[in-house]
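Have a look at structure.pdb below; it lists PDB, C-alpha atoms.
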MODEL        1
ATOM      1  CA  MET A   1     109.369  79.571 161.036
ATOM      2  CA  SER A   2     111.275  76.315 160.679
ATOM      3  CA  LEU A   3     108.565  75.028 158.359
ATOM      4  CA  VAL A   4     108.746  78.261 156.367
ATOM      5  CA  LEU A   5     112.513  77.820 155.980
ATOM      6  CA  LEU A   6     112.089  74.271 154.708
ATOM      7  CA  LEU A   7     109.331  75.219 152.265
ATOM      8  CA  ALA A   8     111.362  78.178 151.000
ATOM      9  CA  TYR A   9     114.374  75.944 150.382
ATOM     10  CA  LEU A  10     112.341  73.303 148.534
ATOM     11  CA  SER A  11     110.584  75.988 146.491
ATOM     12  CA  GLY A  12     113.947  77.440 145.530
ATOM     13  CA  LEU A  13     115.188  74.052 144.359
ATOM     14  CA  HIS A  14     112.035  73.605 142.277
ATOM     15  CA  PHE A  15     112.462  77.064 140.781
ATOM     16  CA  MET A  16     116.101  76.425 139.859
ATOM     17  CA  ARG A  17     115.178  73.244 137.999
ATOM     18  CA  GLY A  18     113.461  75.370 135.383
ATOM     19  CA  ALA A  19     116.143  78.034 135.225
ATOM     20  CA  ASP A  20     118.158  78.512 132.062
ATOM     21  CA  ASP A  21     121.730  77.227 132.246
ATOM     22  CA  ARG A  22     122.994  80.196 130.238
ATOM     23  CA  THR A  23     124.723  82.969 132.137
ATOM     24  CA  ILE A  24     122.981  86.256 132.750
ATOM     25  CA  HIS A  25     125.276  88.075 130.358
ATOM     26  CA  ASP A  26     125.412  85.620 127.443
ATOM     27  CA  ALA A  27     124.049  88.267 125.103
ATOM     28  CA  GLU A  28     126.833  90.685 126.036
ATOM     29  CA  ARG A  29     129.728  88.255 126.000
ATOM     30  CA  PRO A  30     132.262  88.788 123.237
ATOM     31  CA  ALA A  31     132.763  86.067 120.669
ATOM     32  CA  GLU A  32     136.276  85.256 121.878
ATOM     33  CA  ALA A  33     134.959  84.552 125.379
ATOM     34  CA  LYS A  34     132.402  82.111 123.990
ATOM     35  CA  ASP A  35     135.034  80.423 121.863
ATOM     36  CA  GLU A  36     137.264  80.080 124.900
ATOM     37  CA  GLU A  37     134.561  78.250 126.853
ATOM     38  CA  GLU A  38     133.729  76.044 123.896
ATOM     39  CA  THR A  39     137.344  74.935 123.715
ATOM     40  CA  ARG A  40     137.565  74.287 127.459
ATOM     41  CA  GLU A  41     139.611  71.193 128.020
ATOM     42  CA  GLU A  42     137.671  68.105 128.996
ATOM     43  CA  PRO A  43     138.467  66.499 132.345
ATOM     44  CA  ASP A  44     140.985  63.697 132.026
ATOM     45  CA  GLN A  45     139.726  60.142 132.282
ATOM     46  CA  GLY A  46     140.946  59.161 135.741
ATOM     47  CA  PRO A  47     139.519  56.686 138.265
ATOM     48  CA  SER A  48     136.211  54.927 137.706
ATOM     49  CA  THR A  49     132.941  56.508 138.804
ATOM     50  CA  GLY A  50     132.514  53.993 141.606
ATOM     51  CA  ARG A  51     135.954  54.746 142.951
ATOM     52  CA  LEU A  52     135.222  58.467 142.836
ATOM     53  CA  TRP A  53     131.979  57.955 144.774
ATOM     54  CA  GLY A  54     133.872  55.950 147.356
ATOM     55  CA  ALA A  55     136.529  58.651 147.741
ATOM     56  CA  PHE A  56     133.792  61.279 147.997
ATOM     57  CA  ALA A  57     132.001  59.339 150.759
ATOM     58  CA  LEU A  58     135.257  58.831 152.680
ATOM     59  CA  ASP A  59     136.168  62.517 152.452
ATOM     60  CA  ALA A  60     132.642  63.472 153.544
ATOM     61  CA  ALA A  61     132.885  61.182 156.568
ATOM     62  CA  LEU A  62     136.271  62.608 157.553
ATOM     63  CA  THR A  63     134.946  66.156 157.163
ATOM     64  CA  THR A  64     131.948  65.295 159.352
ATOM     65  CA  LEU A  65     134.180  63.839 162.063
ATOM     66  CA  ALA A  66     136.473  66.873 161.923
ATOM     67  CA  GLY A  67     133.459  69.185 162.181
ATOM     68  CA  TRP A  68     132.288  67.440 165.348
ATOM     69  CA  GLY A  69     135.765  67.814 166.849
ATOM     70  CA  ILE A  70     135.894  71.495 165.949
ATOM     71  CA  GLY A  71     132.555  72.026 167.660
ATOM     72  CA  GLN A  72     133.819  70.444 170.861
ATOM     73  CA  VAL A  73     136.997  72.529 170.804
ATOM     74  CA  GLY A  74     134.926  75.653 170.164
ATOM     75  CA  LEU A  75     132.850  75.037 173.291
ATOM     76  CA  SER A  76     136.039  74.623 175.322
ATOM     77  CA  LEU A  77     137.396  77.898 173.950
ATOM     78  CA  VAL A  78     134.231  79.698 175.027
ATOM     79  CA  GLN A  79     134.639  78.399 178.578
ATOM     80  CA  ARG A  80     138.358  79.120 178.901
ATOM     81  CA  THR A  81     138.767  82.402 177.016
ATOM     82  CA  GLY A  82     135.582  84.230 177.971
ATOM     83  CA  LEU A  83     134.769  84.971 174.320
ATOM     84  CA  SER A  84     131.107  84.926 173.409
ATOM     85  CA  GLU A  85     129.634  81.879 171.720
ATOM     86  CA  THR A  86     128.664  84.064 168.765
ATOM     87  CA  ALA A  87     132.235  85.259 168.287
ATOM     88  CA  VAL A  88     133.731  81.775 168.503
ATOM     89  CA  GLY A  89     131.039  80.174 166.373
ATOM     90  CA  GLY A  90     130.745  82.986 163.834
ATOM     91  CA  LEU A  91     134.473  83.564 163.444
ATOM     92  CA  LEU A  92     136.793  80.795 164.613
ATOM     93  CA  THR A  93     134.741  77.672 163.937
ATOM     94  CA  ALA A  94     133.081  79.190 160.875
ATOM     95  CA  ILE A  95     136.435  79.969 159.270
ATOM     96  CA  THR A  96     137.822  76.540 160.118
ATOM     97  CA  THR A  97     134.843  74.616 158.787
ATOM     98  CA  SER A  98     134.885  76.754 155.620
ATOM     99  CA  LEU A  99     138.445  75.783 154.687
ATOM    100  CA  PRO A 100     137.310  72.615 152.825
ATOM    101  CA  GLU A 101     134.929  74.782 150.804
ATOM    102  CA  LEU A 102     137.799  77.146 149.992
ATOM    103  CA  VAL A 103     139.879  74.262 148.673
ATOM    104  CA  THR A 104     136.924  73.019 146.622
ATOM    105  CA  VAL A 105     136.301  76.453 145.143
ATOM    106  CA  LEU A 106     139.939  77.039 144.216
ATOM    107  CA  GLY A 107     140.140  73.631 142.588
ATOM    108  CA  ALA A 108     136.911  74.212 140.667
ATOM    109  CA  VAL A 109     138.007  77.645 139.431
ATOM    110  CA  ARG A 110     141.326  76.254 138.233
ATOM    111  CA  ARG A 111     139.373  73.723 136.170
ATOM    112  CA  ARG A 112     137.049  76.509 134.984
ATOM    113  CA  ALA A 113     134.078  74.853 136.687
ATOM    114  CA  TYR A 114     132.658  78.204 137.750
ATOM    115  CA  ASP A 115     129.134  76.934 138.453
ATOM    116  CA  LEU A 116     130.552  74.306 140.786
ATOM    117  CA  ALA A 117     132.571  76.942 142.637
ATOM    118  CA  THR A 118     129.653  79.334 143.024
ATOM    119  CA  GLY A 119     127.204  76.563 143.872
ATOM    120  CA  ASP A 120     129.500  75.243 146.589
ATOM    121  CA  ILE A 121     129.538  78.587 148.399
ATOM    122  CA  LEU A 122     126.009  79.876 147.879
ATOM    123  CA  GLY A 123     124.388  76.434 147.974
ATOM    124  CA  GLY A 124     126.262  75.579 151.143
ATOM    125  CA  ASN A 125     125.055  78.755 152.814
ATOM    126  CA  CYS A 126     121.448  78.023 151.848
ATOM    127  CA  PHE A 127     121.647  74.458 153.125
ATOM    128  CA  ASP A 128     123.318  75.559 156.358
ATOM    129  CA  VAL A 129     120.272  77.666 157.190
ATOM    130  CA  LEU A 130     118.237  74.453 157.343
ATOM    131  CA  PHE A 131     120.377  73.379 160.290
ATOM    132  CA  LEU A 132     118.576  76.065 162.280
ATOM    133  CA  ALA A 133     115.262  74.446 161.390
ATOM    134  CA  ALA A 134     116.539  71.014 162.421
ATOM    135  CA  SER A 135     117.904  72.422 165.672
ATOM    136  CA  ASP A 136     114.601  74.149 166.345
ATOM    137  CA  VAL A 137     112.809  70.793 166.082
ATOM    138  CA  GLY A 138     115.178  69.275 168.628
ATOM    139  CA  TYR A 139     114.963  72.236 171.024
ATOM    140  CA  ARG A 140     112.433  71.382 173.749
ATOM    141  CA  ASP A 141     112.192  74.698 175.615
ATOM    142  CA  GLY A 142     110.076  76.539 173.083
ATOM    143  CA  SER A 143     111.308  78.045 169.839
ATOM    144  CA  LEU A 144     115.030  78.274 169.187
ATOM    145  CA  PHE A 145     114.463  81.632 167.509
ATOM    146  CA  THR A 146     113.618  83.178 170.870
ATOM    147  CA  ARG A 147     117.170  82.422 172.042
ATOM    148  CA  PHE A 148     118.878  84.664 169.497
ATOM    149  CA  THR A 149     120.990  87.431 171.023
ATOM    150  CA  PRO A 150     121.681  90.898 169.605
ATOM    151  CA  LYS A 151     125.117  89.633 168.567
ATOM    152  CA  MET A 152     123.485  86.909 166.508
ATOM    153  CA  LEU A 153     121.215  89.461 164.868
ATOM    154  CA  GLN A 154     124.323  91.438 163.940
ATOM    155  CA  MET A 155     125.727  88.294 162.344
ATOM    156  CA  PHE A 156     122.523  87.872 160.330
ATOM    157  CA  LEU A 157     122.672  91.477 159.143
ATOM    158  CA  LEU A 158     126.331  91.116 158.175
ATOM    159  CA  THR A 159     125.548  87.988 156.182
ATOM    160  CA  HIS A 160     122.728  89.723 154.313
ATOM    161  CA  LEU A 161     124.971  92.694 153.600
ATOM    162  CA  LEU A 162     127.750  90.550 152.129
ATOM    163  CA  LEU A 163     125.298  88.575 149.994
ATOM    164  CA  SER A 164     123.751  91.834 148.786
ATOM    165  CA  VAL A 165     127.148  93.032 147.571
ATOM    166  CA  LEU A 166     127.631  89.759 145.695
ATOM    167  CA  LEU A 167     124.161  89.977 144.203
ATOM    168  CA  LEU A 168     124.716  93.526 142.988
ATOM    169  CA  GLY A 169     127.997  92.426 141.435
ATOM    170  CA  MET A 170     126.293  89.562 139.597
ATOM    171  CA  LEU A 171     123.595  91.862 138.267
ATOM    172  CA  ARG A 172     126.037  94.339 136.804
ATOM    173  CA  SER A 173     126.751  94.150 133.106
ATOM    174  CA  ARG A 174     129.681  91.953 132.086
ATOM    175  CA  ARG A 175     131.812  94.924 131.055
ATOM    176  CA  LYS A 176     131.217  96.831 134.277
ATOM    177  CA  ARG A 177     131.699  93.738 136.391
ATOM    178  CA  MET A 178     135.079  92.998 134.803
ATOM    179  CA  ARG A 179     136.260  96.536 135.493
ATOM    180  CA  SER A 180     135.107  96.691 139.098
ATOM    181  CA  TRP A 181     135.644  93.188 140.443
ATOM    182  CA  ALA A 182     138.475  94.370 142.669
ATOM    183  CA  GLY A 183     136.282  97.050 144.267
ATOM    184  CA  GLU A 184     133.447  94.639 144.989
ATOM    185  CA  SER A 185     135.778  91.971 146.364
ATOM    186  CA  LEU A 186     137.496  94.567 148.511
ATOM    187  CA  ALA A 187     134.138  95.757 149.804
ATOM    188  CA  VAL A 188     133.240  92.202 150.879
ATOM    189  CA  VAL A 189     136.566  91.754 152.693
ATOM    190  CA  VAL A 190     136.376  95.130 154.447
ATOM    191  CA  LEU A 191     132.768  94.622 155.522
ATOM    192  CA  TYR A 192     133.589  91.186 156.906
ATOM    193  CA  LEU A 193     136.605  92.450 158.853
ATOM    194  CA  VAL A 194     134.587  95.302 160.343
ATOM    195  CA  GLY A 195     131.825  92.885 161.299
ATOM    196  CA  ALA A 196     134.368  90.505 162.820
ATOM    197  CA  VAL A 197     135.763  93.277 165.000
ATOM    198  CA  VAL A 198     132.277  94.224 166.163
ATOM    199  CA  LEU A 199     131.386  90.634 167.018
ATOM    200  CA  ALA A 200     134.660  89.958 168.820
ATOM    201  CA  SER A 201     134.465  93.192 170.827
ATOM    202  CA  GLY A 202     131.422  92.056 172.753
TER     203      GLY A 202
ENDMDL
END
For the structure just supplied, provide its representation as structure tokens.
Amino acid sequence: MSLVLLLAYLSGLHFMRGADDRTIHDAERPAEAKDEEETREEPDQGPSTGRLWGAFALDAALTTLAGWGIGQVGLSLVQRTGLSETAVGGLLTAITTSLPELVTVLGAVRRRAYDLATGDILGGNCFDVLFLAASDVGYRDGSLFTRFTPKMLQMFLLTHLLLSVLLLGMLRSRRKRMRSWAGESLAVVVLYLVGAVVLASG
């Protein structure tokens, strides 16, 4: 299954290379919306590219170090509080490690870089799944997939449910999506909170 995950990820990347950069609803977008994007302000000429790469690498290293520390603290919380590993990992550490992504998304949306914002969230989720494949390779007592608990299966189902809501929202026409964004966003929040309560109750 780990090999299947890797092949599926690589196949998806290959498929996206040939995808059209236009949005799904370009044909339905009003002229004023297109004009607004055409007049989007260009990013200001700040630091050099090399300096930006250096800052990016430094921030990535700091994020990696912080992630390791959060993992260690999470294990200690499991031992001292009696909470399940799924609850701590799926709620506490997941929320904490997602905060950098939240900052990135908010910054990208403010600059109207919507593809960057969406790619950060959905692309990050896809790449995170590969960590299971890497962990499975390093697990020496058989397949890691045999160690999944019912709580973990509930987490998988919740993730699929939330992504399904997002997918349905993306597939709606532009006019309908603009009118119902609040309902779809609310549905995602409510479903997550209900799932969080279920996971934490065990």
Counting all atoms listed in the file, which of A:Leu163, A:Leu106, A:Leu158, A:Leu6 gets nearest to Leu199 in chain A?
A:Leu158
Please compute the CA of Leu191 in chain A-CA of Leu83 in chain A distance, one decimal, in Å.
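So the two atoms, CA of Leu191 in chain A and CA of Leu83 in chain A, lie 21.2 Å apart.
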Given only C-alpha atoms as the counted atoms, nearest of A:Phe56, A:Ser2, A:Trp68, A:Thr96 to Phe131 in chain A
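Closest candidate: A:Ser2.
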Which residue gives the smallest distance to Thr146 in chain A among A:Met1, A:Glu85, A:Gly69, A:Arg111, with all atoms listed in the file counted?
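Nearest to Thr146 in chain A: A:Met1.
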Assuming the chain letters and numbering stay as they are in my file, what does the PyMOL selection byres ((chain A and resi 5) around 12) actually select? List them as a list in words.
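Expected selection for the PyMOL selection byres ((chain A and resi 5) around 12) here is Met1, Ser2, Leu3, Val4, Leu6, Leu7, Ala8, Tyr9, Leu10, Ser11, Gly12, Cys126, Phe127, Asp128, Val129, Leu130, Phe131, Leu132, Ala133, Ala134 and Asp136 of chain A.
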Written as a ChimeraX atom specification, what is the full residue list that the PyMOL selection byres ((chain A and resi 197) around 12) yields on the file shown?
/A:87,90-91,151,154-155,158,190-196,198-202
From A:Leu168, A:Thr104, A:Gln79, A:Gly54, residue lying nearest Leu116 in chain A [all atoms listed in the file]:
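Closest to Leu116 in chain A of all the choices is A:Thr104.
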Tell me, in Å to one decimal, how far CA of Thr49 in chain A is from CA of Thr118 in chain A.
23.4 Å
For a quick check of understanding, using only C-alpha atoms, which of A:Ser98, A:Thr149, A:Thr63, A:Thr81 has the smallest distance to Ile121 in chain A?
A:Ser98
Where does the PyMOL selection byres ((chain A and resi 74) around 8) land in this file, that is, which residues does it pick, as number ranges by chain?
A: 70-73, 75-78, 88-89, 92-93
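From CA of Leu186 in chain A back to CA of Met170 in chain A, the distance works out to 15.2 Å.
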